[in-house]
>>> print(open('target.txt').read())   # compact mmCIF, C-alpha atoms
# COMPACT_ATOMS: atom_id res chain seq x y z
CA MET T 1 85.09 83.32 119.27
CA LYS T 2 83.76 86.05 117.01
CA MET T 3 84.53 89.60 118.13
CA ASN T 4 83.03 92.57 116.31
CA THR T 5 83.80 96.05 117.59
CA ARG T 6 84.31 99.42 115.99
CA VAL T 7 88.04 98.66 116.10
CA THR T 8 87.74 95.44 114.08
CA GLU T 9 85.51 97.24 111.60
CA LEU T 10 87.79 100.27 111.36
CA LEU T 11 90.95 98.23 110.78
CA HIS T 12 89.36 95.26 108.96
CA ILE T 13 90.83 92.74 111.39
CA LYS T 14 89.39 89.59 112.93
CA TYR T 15 90.28 90.28 116.55
CA PRO T 16 90.59 93.70 118.24
CA ILE T 17 94.24 93.13 119.17
CA ILE T 18 96.98 95.55 118.16
CA GLN T 19 100.71 94.97 118.47
CA GLY T 20 102.58 97.89 119.99
CA GLY T 21 105.30 99.81 118.13
CA LEU T 22 108.16 98.16 120.08
CA ALA T 23 111.20 100.24 119.18
CA TYR T 24 113.98 98.24 117.48
CA LEU T 25 111.89 95.05 117.63
CA ALA T 26 108.70 95.50 115.58
CA TYR T 27 109.75 94.45 112.11
CA SER T 28 108.27 92.31 109.36
CA ASP T 29 108.39 88.89 111.04
CA LEU T 30 106.45 89.98 114.11
CA ALA T 31 104.11 92.36 112.29
CA ALA T 32 103.14 89.75 109.71
CA ALA T 33 102.64 87.07 112.36
CA VAL T 34 100.26 89.28 114.34
CA SER T 35 98.31 90.25 111.24
CA ASN T 36 98.11 86.64 110.02
CA ALA T 37 96.79 85.60 113.44
CA GLY T 38 93.92 88.07 113.12
CA GLY T 39 95.25 91.20 114.83
CA LEU T 40 97.00 94.31 113.58
CA GLY T 41 100.76 93.98 113.34
CA GLN T 42 102.93 97.08 113.14
CA ILE T 43 106.38 98.14 111.95
CA THR T 44 108.39 100.59 114.02
CA ALA T 45 109.31 103.28 111.50
CA MET T 46 111.62 105.51 113.50
CA SER T 47 113.89 102.63 114.50
CA LEU T 48 114.85 102.31 110.84
CA PRO T 49 117.70 104.41 109.40
CA ASP T 50 115.90 106.00 106.45
CA GLU T 51 112.91 105.92 104.13
CA ASP T 52 114.40 103.24 101.88
CA ALA T 53 114.74 100.89 104.83
CA LEU T 54 111.13 101.58 105.79
CA LYS T 55 109.91 100.90 102.28
CA LYS T 56 111.84 97.63 102.25
CA GLU T 57 110.32 96.56 105.57
CA ILE T 58 106.81 97.40 104.39
CA ARG T 59 107.34 95.32 101.27
CA LEU T 60 108.60 92.41 103.39
CA VAL T 61 105.40 92.49 105.46
CA LYS T 62 103.34 92.44 102.27
CA GLU T 63 105.26 89.36 101.13
CA LYS T 64 104.41 87.59 104.38
CA THR T 65 100.76 88.55 104.78
CA ASP T 66 97.82 89.86 102.79
CA LYS T 67 96.15 91.08 105.98
CA PRO T 68 96.03 94.70 107.23
CA PHE T 69 99.03 96.04 109.14
CA GLY T 70 100.21 99.41 110.36
CA VAL T 71 103.31 101.57 110.73
CA ASN T 72 104.09 103.18 114.07
CA PHE T 73 105.78 106.57 114.38
CA ALA T 74 107.46 107.38 117.70
CA ILE T 75 107.69 111.16 117.63
CA GLY T 76 109.29 112.02 120.94
CA LYS T 77 110.64 115.40 121.94
CA HIS T 78 114.24 114.49 121.15
CA GLY T 79 113.54 112.37 118.07
CA ARG T 80 114.69 113.01 114.54
CA PRO T 81 112.55 114.47 111.71
CA PHE T 82 109.81 112.09 110.61
CA GLU T 83 108.06 113.77 107.69
CA HIS T 84 110.06 111.96 105.01
CA MET T 85 109.32 108.64 106.72
CA VAL T 86 105.59 109.34 106.72
CA GLU T 87 105.78 110.17 103.02
CA ALA T 88 107.56 106.85 102.41
CA ALA T 89 104.80 104.94 104.21
CA LEU T 90 102.16 106.71 102.12
CA GLU T 91 104.03 105.94 98.90
CA GLU T 92 103.94 102.25 99.86
CA GLY T 93 100.17 102.35 100.39
CA VAL T 94 100.14 101.81 104.15
CA GLU T 95 96.53 101.88 105.40
CA VAL T 96 97.09 102.37 109.15
CA ILE T 97 99.48 104.77 110.90
CA SER T 98 99.84 105.06 114.66
CA MET T 99 101.56 107.86 116.55
CA THR T 100 103.21 107.63 119.95
CA GLY T 101 105.33 109.76 122.24
CA GLY T 102 104.61 113.27 121.02
CA ASN T 103 102.26 115.75 119.39
CA PRO T 104 100.37 113.86 116.65
CA ALA T 105 99.10 117.02 114.90
CA PRO T 106 101.84 117.24 112.22
CA ILE T 107 101.29 113.64 111.09
CA ILE T 108 97.51 113.92 111.22
CA ASP T 109 97.79 117.00 109.02
CA MET T 110 99.91 115.04 106.53
CA LEU T 111 97.24 112.33 106.39
CA LYS T 112 94.34 114.65 105.62
CA GLY T 113 92.68 113.77 102.35
CA THR T 114 93.83 110.15 102.53
CA ASN T 115 92.00 107.02 103.66
CA VAL T 116 94.75 106.12 106.12
CA LYS T 117 93.41 105.19 109.56
CA LYS T 118 94.99 107.28 112.34
CA LEU T 119 95.64 105.78 115.78
CA VAL T 120 97.09 107.94 118.57
CA LEU T 121 98.61 106.65 121.81
CA VAL T 122 97.64 108.74 124.83
CA ALA T 123 98.07 108.47 128.58
CA ALA T 124 95.49 110.93 129.87
CA ARG T 125 91.88 111.93 129.27
CA ARG T 126 92.78 115.39 127.98
CA GLN T 127 95.25 113.92 125.51
CA ALA T 128 92.53 111.62 124.21
CA GLU T 129 90.11 114.49 123.81
CA LYS T 130 92.74 116.50 121.92
CA ALA T 131 93.55 113.57 119.63
CA ALA T 132 89.85 113.19 118.81
CA GLU T 133 89.60 116.91 118.06
CA LEU T 134 92.59 116.66 115.71
CA GLY T 135 90.94 113.86 113.74
CA ALA T 136 92.24 110.59 115.18
CA ASP T 137 90.15 107.58 114.21
CA ALA T 138 90.85 105.84 117.52
CA VAL T 139 92.93 106.37 120.63
CA MET T 140 95.16 103.80 122.30
CA VAL T 141 95.11 104.57 126.02
CA VAL T 142 97.99 103.33 128.16
CA GLY T 143 97.72 102.96 131.93
CA GLN T 144 100.69 103.25 134.28
CA GLU T 145 101.18 99.45 134.34
CA GLY T 146 102.45 99.56 130.76
CA GLY T 147 105.99 99.24 129.48
CA GLY T 148 107.89 102.01 127.73
CA HIS T 149 106.68 105.58 127.87
CA LEU T 150 103.72 106.38 130.10
CA GLY T 151 101.72 109.31 131.36
CA ARG T 152 102.88 111.63 134.10
CA ASP T 153 99.90 111.07 136.38
CA ASP T 154 100.35 107.40 137.41
CA ILE T 155 96.74 106.50 136.59
CA GLY T 156 96.09 102.78 136.25
CA THR T 157 94.35 101.14 133.33
CA MET T 158 91.25 100.21 135.34
CA VAL T 159 90.54 103.88 136.10
CA LEU T 160 91.90 105.51 132.94
CA ILE T 161 90.07 103.44 130.32
CA PRO T 162 86.46 104.12 131.41
CA GLN T 163 87.43 107.74 132.06
CA VAL T 164 88.48 108.13 128.44
CA VAL T 165 85.59 106.06 127.09
CA ASP T 166 83.20 108.52 128.72
CA SER T 167 85.08 111.48 127.24
CA VAL T 168 85.41 110.71 123.51
CA ASP T 169 83.15 109.37 120.79
CA ILE T 170 85.86 107.55 118.83
CA PRO T 171 86.88 103.96 119.67
CA VAL T 172 89.18 103.44 122.65
CA ILE T 173 91.91 100.79 122.59
CA ALA T 174 93.19 99.76 126.04
CA SER T 175 96.88 99.31 126.77
CA GLY T 176 98.93 98.67 129.88
CA GLY T 177 98.87 95.47 131.94
CA ILE T 178 97.20 93.43 129.19
CA GLY T 179 98.69 90.12 128.10
CA ASP T 180 95.97 87.48 127.98
CA GLY T 181 92.31 86.85 127.22
CA LYS T 182 91.16 87.63 130.74
CA ALA T 183 92.71 91.10 130.62
CA MET T 184 91.30 91.65 127.15
CA MET T 185 87.77 90.91 128.36
CA ALA T 186 88.32 93.18 131.35
CA ALA T 187 89.28 95.99 128.97
CA LEU T 188 86.16 95.39 126.88
CA ALA T 189 84.06 95.40 130.03
CA LEU T 190 85.48 98.85 130.83
CA GLY T 191 84.22 100.13 127.49
CA ALA T 192 87.31 99.71 125.33
CA GLU T 193 86.75 98.23 121.88
CA GLY T 194 90.19 96.76 121.44
CA ILE T 195 93.53 96.23 123.16
CA GLU T 196 97.17 96.98 122.44
CA MET T 197 99.90 94.69 123.76
CA GLY T 198 103.63 95.34 123.72
CA THR T 199 105.52 93.36 126.36
CA ARG T 200 103.54 90.16 125.70
CA PHE T 201 104.55 90.20 122.02
CA ILE T 202 108.25 90.45 122.87
CA ALA T 203 108.01 87.01 124.44
CA THR T 204 106.94 85.29 121.22
CA LYS T 205 108.86 83.19 118.73
CA GLU T 206 108.39 85.72 115.94
CA CYS T 207 109.99 88.58 117.87
CA ILE T 208 113.27 87.40 116.42
CA HIS T 209 115.34 90.48 117.23
CA ALA T 210 114.86 90.27 121.01
CA HIS T 211 117.81 88.56 122.71
CA SER T 212 117.11 85.35 124.62
CA ILE T 213 118.31 87.02 127.84
CA TYR T 214 115.70 89.75 127.37
CA LYS T 215 112.96 87.19 126.77
CA GLN T 216 114.12 85.09 129.72
CA ALA T 217 113.94 88.13 131.99
CA LEU T 218 110.31 88.57 130.97
CA LEU T 219 109.54 84.92 131.72
CA GLU T 220 111.32 84.80 135.07
CA GLY T 221 110.54 88.27 136.39
CA SER T 222 107.59 89.34 138.51
CA GLU T 223 105.38 92.39 138.42
CA ASN T 224 107.79 93.89 140.96
CA ASP T 225 110.79 93.69 138.65
CA THR T 226 110.19 96.87 136.69
CA VAL T 227 111.14 100.45 137.47
CA ILE T 228 110.12 103.90 136.23
CA ILE T 229 112.99 105.87 134.68
CA LYS T 230 113.11 109.37 133.13
CA ARG T 231 110.50 110.71 135.54
CA SER T 232 112.80 113.58 136.50
CA ILE T 233 112.79 114.94 132.95
CA GLY T 234 109.03 114.65 132.54
CA ALA T 235 109.04 111.52 130.38
CA PRO T 236 108.35 108.58 132.72
CA ALA T 237 108.88 105.16 131.20
CA ARG T 238 108.84 101.61 132.60
CA ALA T 239 111.75 99.24 132.09
CA ILE T 240 113.07 95.99 133.55
CA SER T 241 115.01 96.77 136.71
CA ASN T 242 118.73 96.04 136.29
CA SER T 243 122.14 97.53 137.01
CA TRP T 244 121.80 99.99 134.14
CA THR T 245 118.47 101.36 135.32
CA ASP T 246 120.09 101.71 138.76
CA LYS T 247 122.65 104.01 137.10
CA ILE T 248 119.90 105.98 135.42
CA LEU T 249 118.07 106.52 138.69
CA GLU T 250 121.30 107.55 140.38
CA VAL T 251 121.97 110.19 137.72
CA GLU T 252 118.36 111.37 137.97
CA SER T 253 118.67 111.80 141.74
CA LYS T 254 121.79 113.95 141.38
CA THR T 255 121.45 115.82 138.06
CA PRO T 256 117.94 115.48 136.63
CA GLU T 257 118.78 116.92 133.22
CA TYR T 258 118.37 115.41 129.76
CA GLU T 259 121.96 116.15 128.73
CA LYS T 260 123.27 114.28 131.77
CA LEU T 261 120.96 111.34 131.12
CA LYS T 262 121.28 111.20 127.34
CA GLN T 263 123.97 108.53 127.10
CA TYR T 264 122.16 106.29 129.58
CA ILE T 265 118.69 106.45 128.00
CA SER T 266 119.76 106.45 124.34
CA GLY T 267 118.64 104.08 121.65
CA GLU T 268 122.13 102.59 121.67
CA ALA T 269 121.82 101.74 125.36
CA ASN T 270 118.42 100.20 124.68
CA LYS T 271 119.84 98.08 121.84
CA SER T 272 122.79 96.91 123.95
CA TYR T 273 120.37 95.06 126.18
CA ILE T 274 117.57 93.99 123.86
CA TYR T 275 119.93 92.85 121.06
CA GLU T 276 122.98 91.69 123.04
CA GLY T 277 121.53 90.89 126.45
CA ASP T 278 124.12 93.07 128.18
CA HIS T 279 122.49 94.54 131.28
CA SER T 280 125.76 96.28 132.22
CA LYS T 281 125.45 98.52 129.16
CA GLY T 282 121.74 98.99 128.62
CA PHE T 283 118.08 98.46 129.47
CA GLY T 284 114.90 96.94 128.06
CA TRP T 285 111.34 98.22 128.21
CA ALA T 286 108.72 96.06 129.94
CA GLY T 287 105.37 96.47 131.64
CA GLN T 288 104.19 94.97 134.90
CA VAL T 289 102.42 92.30 132.87
CA MET T 290 105.78 90.52 132.70
CA GLY T 291 104.71 88.97 136.00
CA ARG T 292 102.05 87.03 134.08
CA ILE T 293 104.23 85.91 131.17
CA LYS T 294 105.40 82.32 131.60
CA ASP T 295 106.19 81.11 128.08
CA CYS T 296 107.30 82.17 124.62
CA PRO T 297 104.74 80.80 122.14
CA ARG T 298 104.18 81.47 118.49
CA VAL T 299 101.85 84.42 117.94
CA GLU T 300 99.17 82.17 116.47
CA GLU T 301 99.28 79.99 119.59
CA LEU T 302 99.02 83.07 121.81
CA PHE T 303 95.93 84.27 119.95
CA GLU T 304 94.28 80.86 120.15
CA ARG T 305 94.88 80.76 123.89
CA MET T 306 93.56 84.29 124.35
CA MET T 307 90.39 83.51 122.46
CA ASN T 308 89.81 80.39 124.58
CA GLU T 309 90.30 82.43 127.74
CA ALA T 310 87.94 85.09 126.43
CA GLU T 311 85.33 82.44 125.63
CA ASN T 312 85.60 81.08 129.17
CA VAL T 313 85.08 84.56 130.62
CA LYS T 314 82.09 85.11 128.35
CA SER T 315 80.53 81.81 129.36
CA ARG T 316 80.81 82.76 133.05
CA TRP T 317 79.22 86.12 132.37
CA CYS T 318 76.30 84.51 130.61
CA GLU T 319 75.59 81.67 133.03
>>> encode(input="target.txt", output="structure tokens")
Amino acid sequence: MKMNTRVTELLHIKYPIIQGGLAYLAYSDLAAAVSNAGGLGQITAMSLPDEDALKKEIRLVKEKTDKPFGVNFAIGKHGRPFEHMVEAALEEGVEVISMTGGNPAPIIDMLKGTNVKKLVLVAARRQAEKAAELGADAVMVVGQEGGGHLGRDDIGTMVLIPQVVDSVDIPVIASGGIGDGKAMMAALALGAEGIEMGTRFIATKECIHAHSIYKQALLEGSENDTVIIKRSIGAPARAISNSWTDKILEVESKTPEYEKLKQYISGEANKSYIYEGDHSKGFGWAGQVMGRIKDCPRVEELFERMMNEAENVKSRWCE
């Protein structure tokens, strides 16, 4: 099925499918697999220790694919400096940079005068409008069904996407609750010109860093097996419900302060679960779409299935 949108034209990709940043998981194997399958794979820059590690990962992707790929920068409130990492990506000739979790203005300013395409993740209409004003080439808009960090307003994808589409002139990429061809076509029907998927890509063969227990939880869990954490500190995020998230919610109910939560919501706690499968020491991000994930295919197989599903939807529309 041929799919031409402003997103495919902007990013020079075959299908308007973007792989999410996926902290501690989105490295060269997954990024290259997504790009080779016709989408846009991404590396997670801020999960790497320094600029040399980022340069190495970028070069590994280039060894595995000649297709476009991007680098994602998670720039949260409590994150470390990122300027030197952006410079490293530019030195390696990266053509797409996405920004999530914070104010994108500093990175967008660094990219002025370059041909790098700028994608900004937002979770509200006003954020999308601001990103467009700053110079973003496209916005990725995540509804409250999504995994990881979300907006504060609990607006679902079905309402949020057309709201943003009507508010900005740049392409809109839908995220949150999307994991198959049916959901992709629904997003396009709402006016989006592409989709971003995170949770669905964790349950693939090429997401080699995700522990089998993490993947199995995605396959066996339902849409009711996620929970919102960090809401008390103004940074709501969706994770798989387990004993560790129970601890987080308990701390939030008693002392809703970042310093009290820090050890529970840290990157180390995240890695304890996603790398080691230890739910007594950590947590893993996941969206409600986990209720629709039933297997762990290769990325190429996933794309083929999605395109077949999309073709079936299209044929019903055109009967």
>>> axis_aligned_box(input="target.txt", around="range 72-87 of chain T", padding_each_side="5 Å", output="AutoDock Vina command-line options")
--center_x 109.4 --center_y 109.3 --center_z 112.5 --size_x 20.6 --size_y 22.2 --size_z 28.9
>>> closest_atom_pairs(input="target.txt", of="range 52-82 of chain T", to="range 88-108 of chain T", cutoff="10 Å", atoms="only C-alpha atoms", output="JSON lines")
{"residue": "T:Asp52", "atom": "CA", "partner": "T:Ala88", "partner_atom": "CA", "distance": 7.8}
{"residue": "T:Ala53", "atom": "CA", "partner": "T:Ala88", "partner_atom": "CA", "distance": 9.6}
{"residue": "T:Leu54", "atom": "CA", "partner": "T:Ala88", "partner_atom": "CA", "distance": 7.2}
{"residue": "T:Lys55", "atom": "CA", "partner": "T:Ala88", "partner_atom": "CA", "distance": 6.4}
{"residue": "T:Lys56", "atom": "CA", "partner": "T:Glu92", "partner_atom": "CA", "distance": 9.5}
{"residue": "T:Ile58", "atom": "CA", "partner": "T:Glu92", "partner_atom": "CA", "distance": 7.2}
{"residue": "T:Arg59", "atom": "CA", "partner": "T:Glu92", "partner_atom": "CA", "distance": 7.8}
{"residue": "T:Pro68", "atom": "CA", "partner": "T:Glu95", "partner_atom": "CA", "distance": 7.4}
{"residue": "T:Phe69", "atom": "CA", "partner": "T:Val96", "partner_atom": "CA", "distance": 6.6}
{"residue": "T:Gly70", "atom": "CA", "partner": "T:Val96", "partner_atom": "CA", "distance": 4.5}
{"residue": "T:Val71", "atom": "CA", "partner": "T:Ile97", "partner_atom": "CA", "distance": 5.0}
{"residue": "T:Asn72", "atom": "CA", "partner": "T:Ser98", "partner_atom": "CA", "distance": 4.7}
{"residue": "T:Phe73", "atom": "CA", "partner": "T:Met99", "partner_atom": "CA", "distance": 4.9}
{"residue": "T:Ala74", "atom": "CA", "partner": "T:Thr100", "partner_atom": "CA", "distance": 4.8}
{"residue": "T:Ile75", "atom": "CA", "partner": "T:Gly102", "partner_atom": "CA", "distance": 5.0}
{"residue": "T:Gly76", "atom": "CA", "partner": "T:Gly101", "partner_atom": "CA", "distance": 4.7}
{"residue": "T:Lys77", "atom": "CA", "partner": "T:Gly102", "partner_atom": "CA", "distance": 6.5}
{"residue": "T:His78", "atom": "CA", "partner": "T:Gly102", "partner_atom": "CA", "distance": 9.7}
{"residue": "T:Gly79", "atom": "CA", "partner": "T:Gly102", "partner_atom": "CA", "distance": 9.4}
{"residue": "T:Phe82", "atom": "CA", "partner": "T:Ile107", "partner_atom": "CA", "distance": 8.7}
>>> residues_around(input="target.txt", residues="Val159 in chain T", least_positions_apart="4", cutoff="10 Å", atoms="all atoms listed in the file", output="list in words")
Gly143, Ile155, Gln163, Val164 and Leu190 of chain T
>>> closest_atom_pairs(input="target.txt", of="range 112-153 of chain T", to="range 13-31 of chain T", cutoff="10 Å", atoms="all atoms listed in the file", output="CSV")
residue,atom,partner,partner_atom,distance
T:Leu121,CA,T:Gly20,CA,9.8
T:Met140,CA,T:Ile18,CA,9.4
T:Gly147,CA,T:Leu22,CA,9.7
T:Gly148,CA,T:Leu22,CA,8.6
>>> residues_near_point(input="target.txt", point="(101.0, 92.3, 119.8)", cutoff="10 Å", atoms="only C-alpha atoms", output="NGL selection string")
:T and (17-22 or 26 or 30-31 or 33-35 or 39-42 or 179 or 195-204 or 207 or 299 or 302-303)
>>> atom_distance(input="target.txt", atom1="CA of Val7 in chain T", atom2="CA of Gly191 in chain T")
12.1 Å
>>> residues_around(input="target.txt", residues="range 268-273 of chain T", least_positions_apart="2", cutoff="9 Å", atoms="all atoms listed in the file", output="number ranges by chain")
T: 24, 210-211, 213-214, 244, 263-266, 275-285
>>> atom_distance(input="target.txt", atom1="CA of Val116 in chain T", atom2="CA of Val165 in chain T")
22.9 Å
>>> decode(input="target.txt", residues="range 293-310 of chain T", atoms="N, CA, C and O atoms", output="short mmCIF file (atom, residue, chain, number, x, y, z; two decimals), in the first residue's frame")
data_model
loop_
_atom_site.label_atom_id
_atom_site.label_comp_id
_atom_site.auth_asym_id
_atom_site.auth_seq_id
_atom_site.Cartn_x
_atom_site.Cartn_y
_atom_site.Cartn_z
N ILE T 293 -1.53 -6.04 22.13
CA ILE T 293 -0.29 -6.67 21.68
C ILE T 293 -0.30 -8.14 22.07
O ILE T 293 -0.37 -8.47 23.26
N LYS T 294 -0.23 -9.02 21.09
CA LYS T 294 -0.34 -10.46 21.36
C LYS T 294 0.86 -11.26 20.87
O LYS T 294 0.91 -12.48 21.06
N ASP T 295 1.82 -10.60 20.22
CA ASP T 295 2.99 -11.34 19.74
C ASP T 295 4.20 -10.43 19.68
O ASP T 295 4.11 -9.23 19.93
N CYS T 296 5.34 -11.04 19.37
CA CYS T 296 6.61 -10.30 19.32
C CYS T 296 7.29 -10.57 17.97
O CYS T 296 8.24 -11.34 17.89
N PRO T 297 6.81 -9.93 16.92
CA PRO T 297 7.33 -10.21 15.58
C PRO T 297 8.60 -9.43 15.28
O PRO T 297 9.04 -8.59 16.07
N ARG T 298 9.19 -9.72 14.14
CA ARG T 298 10.23 -8.85 13.62
C ARG T 298 9.57 -7.56 13.13
O ARG T 298 8.39 -7.57 12.75
N VAL T 299 10.30 -6.47 13.13
CA VAL T 299 9.74 -5.19 12.72
C VAL T 299 9.20 -5.26 11.30
O VAL T 299 8.11 -4.75 11.01
N GLU T 300 9.92 -5.90 10.42
CA GLU T 300 9.47 -6.01 9.03
C GLU T 300 8.12 -6.72 8.94
O GLU T 300 7.24 -6.33 8.17
N GLU T 301 7.95 -7.77 9.76
CA GLU T 301 6.68 -8.49 9.78
C GLU T 301 5.56 -7.61 10.31
O GLU T 301 4.43 -7.65 9.82
N LEU T 302 5.87 -6.82 11.34
CA LEU T 302 4.88 -5.91 11.90
C LEU T 302 4.41 -4.91 10.87
O LEU T 302 3.21 -4.65 10.72
N PHE T 303 5.35 -4.34 10.12
CA PHE T 303 4.99 -3.37 9.09
C PHE T 303 4.14 -4.00 7.99
O PHE T 303 3.16 -3.41 7.54
N GLU T 304 4.50 -5.20 7.58
CA GLU T 304 3.73 -5.88 6.54
C GLU T 304 2.29 -6.11 7.00
O GLU T 304 1.33 -5.87 6.26
N ARG T 305 2.15 -6.53 8.25
CA ARG T 305 0.81 -6.74 8.80
C ARG T 305 0.03 -5.44 8.87
O ARG T 305 -1.16 -5.39 8.52
N MET T 306 0.69 -4.38 9.32
CA MET T 306 0.01 -3.09 9.43
C MET T 306 -0.46 -2.58 8.08
O MET T 306 -1.56 -2.04 7.96
N MET T 307 0.36 -2.77 7.06
CA MET T 307 -0.03 -2.31 5.74
C MET T 307 -1.21 -3.12 5.19
O MET T 307 -2.11 -2.59 4.53
N ASN T 308 -1.24 -4.42 5.49
CA ASN T 308 -2.38 -5.25 5.08
C ASN T 308 -3.66 -4.81 5.79
O ASN T 308 -4.73 -4.72 5.17
N GLU T 309 -3.53 -4.52 7.08
CA GLU T 309 -4.69 -4.03 7.83
C GLU T 309 -5.17 -2.69 7.28
O GLU T 309 -6.38 -2.45 7.15
N ALA T 310 -4.21 -1.82 6.98
CA ALA T 310 -4.57 -0.51 6.43
C ALA T 310 -5.26 -0.66 5.08
O ALA T 310 -6.24 0.06 4.78
#
